[in-house]
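Student: Just dropping this structure here.
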Amino acid sequence: MKTYNRIALIGIEQLEYEVIRSNYTGGIIWHQAIPKIVVKDQVLYMEKANGVGMLPVDKVVYYGIYNDDFDFISGLAIWNGPCFPNAMGMLDCRLKIPCLVKAMSFTQFSAPRGFVSARTSVTTAQDTIAKWGNWHCGENKHRFTGEWECENTATIEPYYEGEAVRIMVIGNKHWQIKLEGETWLKSIHPESAGFMPIDAELLADTLHIQKAMQMDMIGNDYIIGKDGKKYLLEVNHIPNITRFEAVREAYLDTVIAFING
């Protein structure tokens with residue numbers, strides 16, 4: 001008879017938690033914020049969801065992006081136990097600039113980038129995009145031509161006119177999503193965003209990056225230029241899984257298989 005151990009769900013929302021709970025008979029520690037942990041003698045201990053003290057955890061499911069989660073992910077990577085997504089892959093992808101640098105070495109659709117130190121001005125003659133910080137969803141991006149000074153360390157890249165798309169992979173499922181928005185900032189959130197036929201080259205590129213960076217799930221954003229050229233814009237290590245029901249179902253199926261495996 002199968003022995004079910006204790007798992008931890010971090011960042012999982014109520015609706016998804018209820019589905020997972022109904023498909024797992026073992027113990028669960030559920031935190032919607034970053035919990036305290038201890039790793040000792042290769043065992044992961046996590047604070048209880050209610051009450052005082054810590055309990056050993058056998059598997060972790062992590063979903064979310066928090067201001068202070070880098071050290072927590074580092075702890076999961078040191079533990080090196082069963083974690084979805086893989087903690088080492090998340091660690092390499094949590095900080096956007098280092099993640100981009102690694103992805104540029106693996107993609108066949110690399111766009112030329114520049115780099116600007118904090119509180120430094122840069123002057124460009126072409127339409128340019130600056131990106132900084134470690135958030136996604138169109139935040140911390142600025143489009144400019146001429147002179148511009150950034151308060152934060154940033155990357156810069158040419159602005160490409162074209163179609164913005166996301167290739168998303170979870171387990172053995174994949175989709176291509178047309179990103180939309182009323183301005184040059186595009187995302188999956190507008191009502192007009194939706195699925196579209198998948199580009200075989202972009203899927204192959206995403207799967208290569210996913211494997212090289214040890215990621216169990218990935219959302220790669222690309223631009224398909226008006227001239228047909230393709231450019232990788234960024235890698236999402238925790239892509240949105242609730243915007244589309246088909247993606248949500250695939251995510252839950254993958255998580256349930258992981259915790260029961």
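Residues are named by chain letter and number: chains run A, B, ... in the order of the structure tokens, numbers start at 1 in each chain, and ligands are numbered from 1 in the order shown.
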Return as a ChimeraX atom specification the full set of residues in segment 24-136 of chain A whose backbone-based DSSP assignment is helix (DSSP H, G or I).

Tutor: /A:70-79,87-93,96-104

Student: Store the residues picked out above in a file with C-alpha atoms, as a compact mmCIF listing (two decimals), in the first residue's frame.

Tutor:
# COMPACT_ATOMS: atom_id res chain seq x y z
CA PHE A 70 15.27 34.41 -3.67
CA ASP A 71 16.75 33.22 -0.37
CA PHE A 72 13.82 30.84 0.13
CA ILE A 73 14.38 29.29 -3.31
CA SER A 74 18.09 29.05 -2.47
CA GLY A 75 17.15 27.06 0.63
CA LEU A 76 15.04 24.70 -1.47
CA ALA A 77 17.95 24.25 -3.87
CA ILE A 78 20.32 23.44 -0.97
CA TRP A 79 17.79 20.90 0.29
CA ALA A 87 14.40 24.63 -7.34
CA MET A 88 17.71 24.88 -9.19
CA GLY A 89 15.94 25.98 -12.35
CA MET A 90 13.94 28.57 -10.40
CA LEU A 91 17.12 29.81 -8.72
CA ASP A 92 18.79 30.41 -12.09
CA CYS A 93 15.71 32.21 -13.44
CA LYS A 96 15.72 38.59 -14.66
CA ILE A 97 19.07 39.85 -15.92
CA PRO A 98 21.13 36.74 -15.03
CA CYS A 99 18.29 34.59 -16.40
CA LEU A 100 18.31 36.55 -19.65
CA VAL A 101 22.10 36.22 -19.96
CA LYS A 102 21.84 32.43 -19.65
CA ALA A 103 18.87 32.19 -22.01
CA MET A 104 20.70 34.25 -24.64

Student: Find the spatial neighbours of Leu202 of chain A, counting only C-alpha atoms, within a cut-off of 10 Å - ignore same-chain residues fewer than 5 positions away - and output them as a list in words.

Tutor: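 My reading of the contact set: Thr107, Gln108, Phe109, Val165, Arg166, Ile167, Gln176, Leu207, His208, Asn220, Asp221, Tyr222, Ile224, Lys230, Tyr231 and Leu232 of chain A.
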
Student: Would you mind exporting the chosen residues as a PDB file, in the first residue's frame, restricted to N, CA and C atoms?

Tutor:
ATOM      1  N   THR A 107      19.267  30.298 -26.779  1.00  0.00           N
ATOM      2  CA  THR A 107      18.283  30.536 -27.823  1.00  0.00           C
ATOM      3  C   THR A 107      18.934  30.748 -29.178  1.00  0.00           C
ATOM      4  N   GLN A 108      18.193  30.397 -30.228  1.00  0.00           N
ATOM      5  CA  GLN A 108      18.662  30.731 -31.581  1.00  0.00           C
ATOM      6  C   GLN A 108      18.053  32.041 -32.059  1.00  0.00           C
ATOM      7  N   PHE A 109      17.275  32.695 -31.160  1.00  0.00           N
ATOM      8  CA  PHE A 109      16.610  33.938 -31.527  1.00  0.00           C
ATOM      9  C   PHE A 109      17.029  35.069 -30.591  1.00  0.00           C
ATOM     10  N   VAL A 165       4.200  37.043 -28.800  1.00  0.00           N
ATOM     11  CA  VAL A 165       3.620  35.741 -28.479  1.00  0.00           C
ATOM     12  C   VAL A 165       4.350  35.127 -27.289  1.00  0.00           C
ATOM     13  N   ARG A 166       3.667  34.218 -26.628  1.00  0.00           N
ATOM     14  CA  ARG A 166       4.280  33.448 -25.550  1.00  0.00           C
ATOM     15  C   ARG A 166       4.164  31.964 -25.870  1.00  0.00           C
ATOM     16  N   ILE A 167       5.278  31.251 -25.734  1.00  0.00           N
ATOM     17  CA  ILE A 167       5.268  29.801 -25.780  1.00  0.00           C
ATOM     18  C   ILE A 167       5.305  29.316 -24.337  1.00  0.00           C
ATOM     19  N   GLN A 176       0.839  28.154 -27.695  1.00  0.00           N
ATOM     20  CA  GLN A 176       1.305  29.467 -28.121  1.00  0.00           C
ATOM     21  C   GLN A 176       0.162  30.445 -27.898  1.00  0.00           C
ATOM     22  N   LEU A 207      11.691  24.616 -25.779  1.00  0.00           N
ATOM     23  CA  LEU A 207      11.996  23.318 -25.174  1.00  0.00           C
ATOM     24  C   LEU A 207      13.493  23.159 -24.936  1.00  0.00           C
ATOM     25  N   HIS A 208      14.305  23.703 -25.830  1.00  0.00           N
ATOM     26  CA  HIS A 208      15.764  23.647 -25.648  1.00  0.00           C
ATOM     27  C   HIS A 208      16.181  24.468 -24.434  1.00  0.00           C
ATOM     28  N   ASN A 220       8.073  31.539 -22.468  1.00  0.00           N
ATOM     29  CA  ASN A 220       9.009  32.388 -23.206  1.00  0.00           C
ATOM     30  C   ASN A 220       8.253  33.383 -24.063  1.00  0.00           C
ATOM     31  N   ASP A 221       8.608  34.655 -23.944  1.00  0.00           N
ATOM     32  CA  ASP A 221       7.989  35.699 -24.754  1.00  0.00           C
ATOM     33  C   ASP A 221       8.894  36.028 -25.933  1.00  0.00           C
ATOM     34  N   TYR A 222       8.293  36.047 -27.105  1.00  0.00           N
ATOM     35  CA  TYR A 222       9.014  36.333 -28.348  1.00  0.00           C
ATOM     36  C   TYR A 222       8.289  37.436 -29.108  1.00  0.00           C
ATOM     37  N   ILE A 224       7.645  38.238 -33.146  1.00  0.00           N
ATOM     38  CA  ILE A 224       7.786  37.852 -34.548  1.00  0.00           C
ATOM     39  C   ILE A 224       7.677  39.139 -35.348  1.00  0.00           C
ATOM     40  N   LYS A 230      12.551  36.504 -35.715  1.00  0.00           N
ATOM     41  CA  LYS A 230      12.042  36.198 -34.386  1.00  0.00           C
ATOM     42  C   LYS A 230      13.083  36.559 -33.338  1.00  0.00           C
ATOM     43  N   TYR A 231      12.601  37.053 -32.202  1.00  0.00           N
ATOM     44  CA  TYR A 231      13.493  37.502 -31.142  1.00  0.00           C
ATOM     45  C   TYR A 231      12.949  37.050 -29.785  1.00  0.00           C
ATOM     46  N   LEU A 232      13.811  36.431 -28.977  1.00  0.00           N
ATOM     47  CA  LEU A 232      13.435  36.107 -27.606  1.00  0.00           C
ATOM     48  C   LEU A 232      13.499  37.372 -26.768  1.00  0.00           C
TER      49      LEU A 232
END

Student: List every residue of segment 2-157 of chain A that DSSP, applied to the backbone of this structure, assigns to strand (DSSP E or B), and report them as a PyMOL selection string.

Tutor: chain A and resi 7-10+28-31+37-40+43-47+54-57+59-62+83-84+110+114-116+120-132+141-150+154-157

Student: Distance atom CA of Ser110 of chain A-atom CA of Met213 of chain A, one decimal place?

Tutor: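 Pair atom CA of Ser110 of chain A / atom CA of Met213 of chain A returns 15.9 Å.
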
Student: Quick one: which segment 133-183 of chain A residues come within 10 Å of segment 234-246 of chain A, and what is the nearest atom pair for each with the distance in Å to one decimal, counting only C-alpha atoms, rows ordered by chain and ascending number, as a Markdown table?

Tutor:
| residue | atom | partner | partner_atom | distance |
| --- | --- | --- | --- | --- |
| A:Trp135 | CA | A:Asn236 | CA | 9.7 |
| A:His136 | CA | A:Asn236 | CA | 7.8 |
| A:Cys137 | CA | A:Asn240 | CA | 9.6 |
| A:Arg166 | CA | A:Val235 | CA | 9.5 |
| A:Ile167 | CA | A:Val235 | CA | 9.8 |
| A:Met168 | CA | A:Pro239 | CA | 7.6 |
| A:Val169 | CA | A:Pro239 | CA | 9.2 |
| A:Ile170 | CA | A:Ile241 | CA | 9.4 |
| A:Lys173 | CA | A:Ala246 | CA | 9.8 |
| A:Trp175 | CA | A:Ala246 | CA | 9.6 |
| A:Ile177 | CA | A:Phe244 | CA | 10.0 |

Student: Go ahead and write the selection's residues with N, CA, C and O atoms as a PDB file, in the first residue's frame.

Tutor:
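Saved result, selection_13.pdb, follows:
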ATOM      1  N   TRP A 135      10.405  41.884 -11.822  1.00  0.00           N
ATOM      2  CA  TRP A 135       8.991  41.632 -12.005  1.00  0.00           C
ATOM      3  C   TRP A 135       8.661  41.506 -13.478  1.00  0.00           C
ATOM      4  O   TRP A 135       9.422  41.946 -14.342  1.00  0.00           O
ATOM      5  N   HIS A 136       7.500  40.915 -13.754  1.00  0.00           N
ATOM      6  CA  HIS A 136       7.063  40.745 -15.138  1.00  0.00           C
ATOM      7  C   HIS A 136       5.770  41.537 -15.342  1.00  0.00           C
ATOM      8  O   HIS A 136       5.584  42.588 -14.743  1.00  0.00           O
ATOM      9  N   CYS A 137       4.885  41.053 -16.189  1.00  0.00           N
ATOM     10  CA  CYS A 137       3.576  41.683 -16.434  1.00  0.00           C
ATOM     11  C   CYS A 137       3.696  43.122 -16.924  1.00  0.00           C
ATOM     12  O   CYS A 137       2.852  43.975 -16.615  1.00  0.00           O
ATOM     13  N   ARG A 166       3.667  34.218 -26.628  1.00  0.00           N
ATOM     14  CA  ARG A 166       4.280  33.448 -25.550  1.00  0.00           C
ATOM     15  C   ARG A 166       4.164  31.964 -25.870  1.00  0.00           C
ATOM     16  O   ARG A 166       3.087  31.487 -26.214  1.00  0.00           O
ATOM     17  N   ILE A 167       5.278  31.251 -25.734  1.00  0.00           N
ATOM     18  CA  ILE A 167       5.268  29.801 -25.780  1.00  0.00           C
ATOM     19  C   ILE A 167       5.305  29.316 -24.337  1.00  0.00           C
ATOM     20  O   ILE A 167       6.240  29.629 -23.599  1.00  0.00           O
ATOM     21  N   MET A 168       4.267  28.586 -23.936  1.00  0.00           N
ATOM     22  CA  MET A 168       4.188  28.093 -22.569  1.00  0.00           C
ATOM     23  C   MET A 168       4.258  26.575 -22.572  1.00  0.00           C
ATOM     24  O   MET A 168       3.598  25.917 -23.386  1.00  0.00           O
ATOM     25  N   VAL A 169       5.069  26.038 -21.650  1.00  0.00           N
ATOM     26  CA  VAL A 169       5.226  24.592 -21.529  1.00  0.00           C
ATOM     27  C   VAL A 169       5.036  24.203 -20.073  1.00  0.00           C
ATOM     28  O   VAL A 169       5.669  24.777 -19.175  1.00  0.00           O
ATOM     29  N   ILE A 170       4.147  23.246 -19.824  1.00  0.00           N
ATOM     30  CA  ILE A 170       3.956  22.657 -18.504  1.00  0.00           C
ATOM     31  C   ILE A 170       3.881  21.150 -18.704  1.00  0.00           C
ATOM     32  O   ILE A 170       2.980  20.665 -19.403  1.00  0.00           O
ATOM     33  N   LYS A 173       2.604  19.342 -21.991  1.00  0.00           N
ATOM     34  CA  LYS A 173       1.641  20.186 -22.713  1.00  0.00           C
ATOM     35  C   LYS A 173       2.305  21.514 -23.095  1.00  0.00           C
ATOM     36  O   LYS A 173       3.141  22.042 -22.353  1.00  0.00           O
ATOM     37  N   TRP A 175       1.565  25.419 -25.457  1.00  0.00           N
ATOM     38  CA  TRP A 175       0.645  26.313 -26.138  1.00  0.00           C
ATOM     39  C   TRP A 175       1.413  27.521 -26.679  1.00  0.00           C
ATOM     40  O   TRP A 175       2.472  27.883 -26.162  1.00  0.00           O
ATOM     41  N   ILE A 177       0.464  31.542 -27.222  1.00  0.00           N
ATOM     42  CA  ILE A 177      -0.531  32.529 -26.847  1.00  0.00           C
ATOM     43  C   ILE A 177      -0.187  33.858 -27.506  1.00  0.00           C
ATOM     44  O   ILE A 177       0.960  34.324 -27.406  1.00  0.00           O
TER      45      ILE A 177
END

Student: Report, in Å to a single decimal, how far apart atom CA of Ala164 of chain A and atom CA of Phe106 of chain A are.

Tutor: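 Distance reported for this atom pair: 20.1 Å.
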
Student: Kindly indicate which residue among A:Lys48, A:Arg119, A:Arg6, A:Arg248 lies nearest to His31 of chain A, using only C-alpha atoms for the distances.

Tutor: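 Among the listed residues, the smallest separation from His31 of chain A belongs to A:Lys48.
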
Student: So, counting only C-alpha atoms, which residue among A:Asn23, A:Asn134, A:Asn5, A:Ser121 is closest to Cys150 of chain A?

Tutor: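 Closest candidate: A:Ser121.
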
Student: Can you tell me, as a PDB file with C-alpha atoms, in the first residue's frame, what residues are no more than 10 Å from Tyr160 of chain A when counting only C-alpha atoms, ignoring any on the same chain fewer than 5 positions away?

Tutor:
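Output below, filename selection_8.pdb:
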ATOM      1  CA  ALA A 111      18.365  39.922 -29.875  1.00  0.00           C
ATOM      2  CA  ASP A 127      13.684  53.202 -30.680  1.00  0.00           C
ATOM      3  CA  THR A 128      14.856  51.382 -27.527  1.00  0.00           C
ATOM      4  CA  ILE A 129      13.373  49.445 -24.617  1.00  0.00           C
ATOM      5  CA  TRP A 184       3.321  48.628 -26.984  1.00  0.00           C
ATOM      6  CA  ILE A 223       8.460  38.970 -31.002  1.00  0.00           C
ATOM      7  CA  ILE A 224       7.786  37.852 -34.548  1.00  0.00           C
ATOM      8  CA  GLY A 225       8.859  40.892 -36.531  1.00  0.00           C
ATOM      9  CA  LYS A 226       7.048  42.246 -39.558  1.00  0.00           C
ATOM     10  CA  LYS A 229      12.516  37.530 -37.916  1.00  0.00           C
ATOM     11  CA  LYS A 230      12.042  36.198 -34.386  1.00  0.00           C
ATOM     12  CA  TYR A 231      13.493  37.502 -31.142  1.00  0.00           C
TER      13      TYR A 231
END

Student: Between A:Thr25, A:Thr254, A:Gln210, A:Thr123, which residue has the minimum interatomic distance to Ile7 of chain A, considering only C-alpha atoms?

Tutor: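 Comparing A:Thr25, A:Thr254, A:Gln210, A:Thr123 against Ile7 of chain A, the winner is A:Thr25.
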
Student: Could you give me, as a PDB file with all heavy atoms, in the first residue's frame, the residues within 6 Å of Val61 of chain A, counting only C-alpha atoms and dropping anything in the same chain fewer than 3 positions from it?

Tutor:
ATOM      1  N   LEU A   9       2.614  23.246  -0.008  1.00  0.00           N
ATOM      2  CA  LEU A   9       2.144  24.058  -1.121  1.00  0.00           C
ATOM      3  C   LEU A   9       2.416  25.513  -0.778  1.00  0.00           C
ATOM      4  O   LEU A   9       1.883  26.030   0.200  1.00  0.00           O
ATOM      5  CB  LEU A   9       0.652  23.838  -1.354  1.00  0.00           C
ATOM      6  CG  LEU A   9       0.190  22.388  -1.567  1.00  0.00           C
ATOM      7  CD1 LEU A   9      -1.331  22.340  -1.716  1.00  0.00           C
ATOM      8  CD2 LEU A   9       0.865  21.768  -2.785  1.00  0.00           C
ATOM      9  N   CYS A  83      10.895  18.997  -5.736  1.00  0.00           N
ATOM     10  CA  CYS A  83      10.266  20.315  -5.760  1.00  0.00           C
ATOM     11  C   CYS A  83       9.747  20.577  -7.160  1.00  0.00           C
ATOM     12  O   CYS A  83      10.432  20.305  -8.158  1.00  0.00           O
ATOM     13  CB  CYS A  83      11.280  21.390  -5.359  1.00  0.00           C
ATOM     14  SG  CYS A  83      10.617  23.071  -5.309  1.00  0.00           S
ATOM     15  N   PHE A  84       8.538  21.092  -7.247  1.00  0.00           N
ATOM     16  CA  PHE A  84       7.974  21.491  -8.536  1.00  0.00           C
ATOM     17  C   PHE A  84       7.569  22.957  -8.473  1.00  0.00           C
ATOM     18  O   PHE A  84       6.761  23.335  -7.614  1.00  0.00           O
ATOM     19  CB  PHE A  84       6.750  20.646  -8.896  1.00  0.00           C
ATOM     20  CG  PHE A  84       6.205  20.980 -10.259  1.00  0.00           C
ATOM     21  CD1 PHE A  84       6.689  20.353 -11.388  1.00  0.00           C
ATOM     22  CD2 PHE A  84       5.231  21.954 -10.411  1.00  0.00           C
ATOM     23  CE1 PHE A  84       6.205  20.684 -12.646  1.00  0.00           C
ATOM     24  CE2 PHE A  84       4.734  22.296 -11.670  1.00  0.00           C
ATOM     25  CZ  PHE A  84       5.234  21.649 -12.779  1.00  0.00           C
TER      26      PHE A  84
END
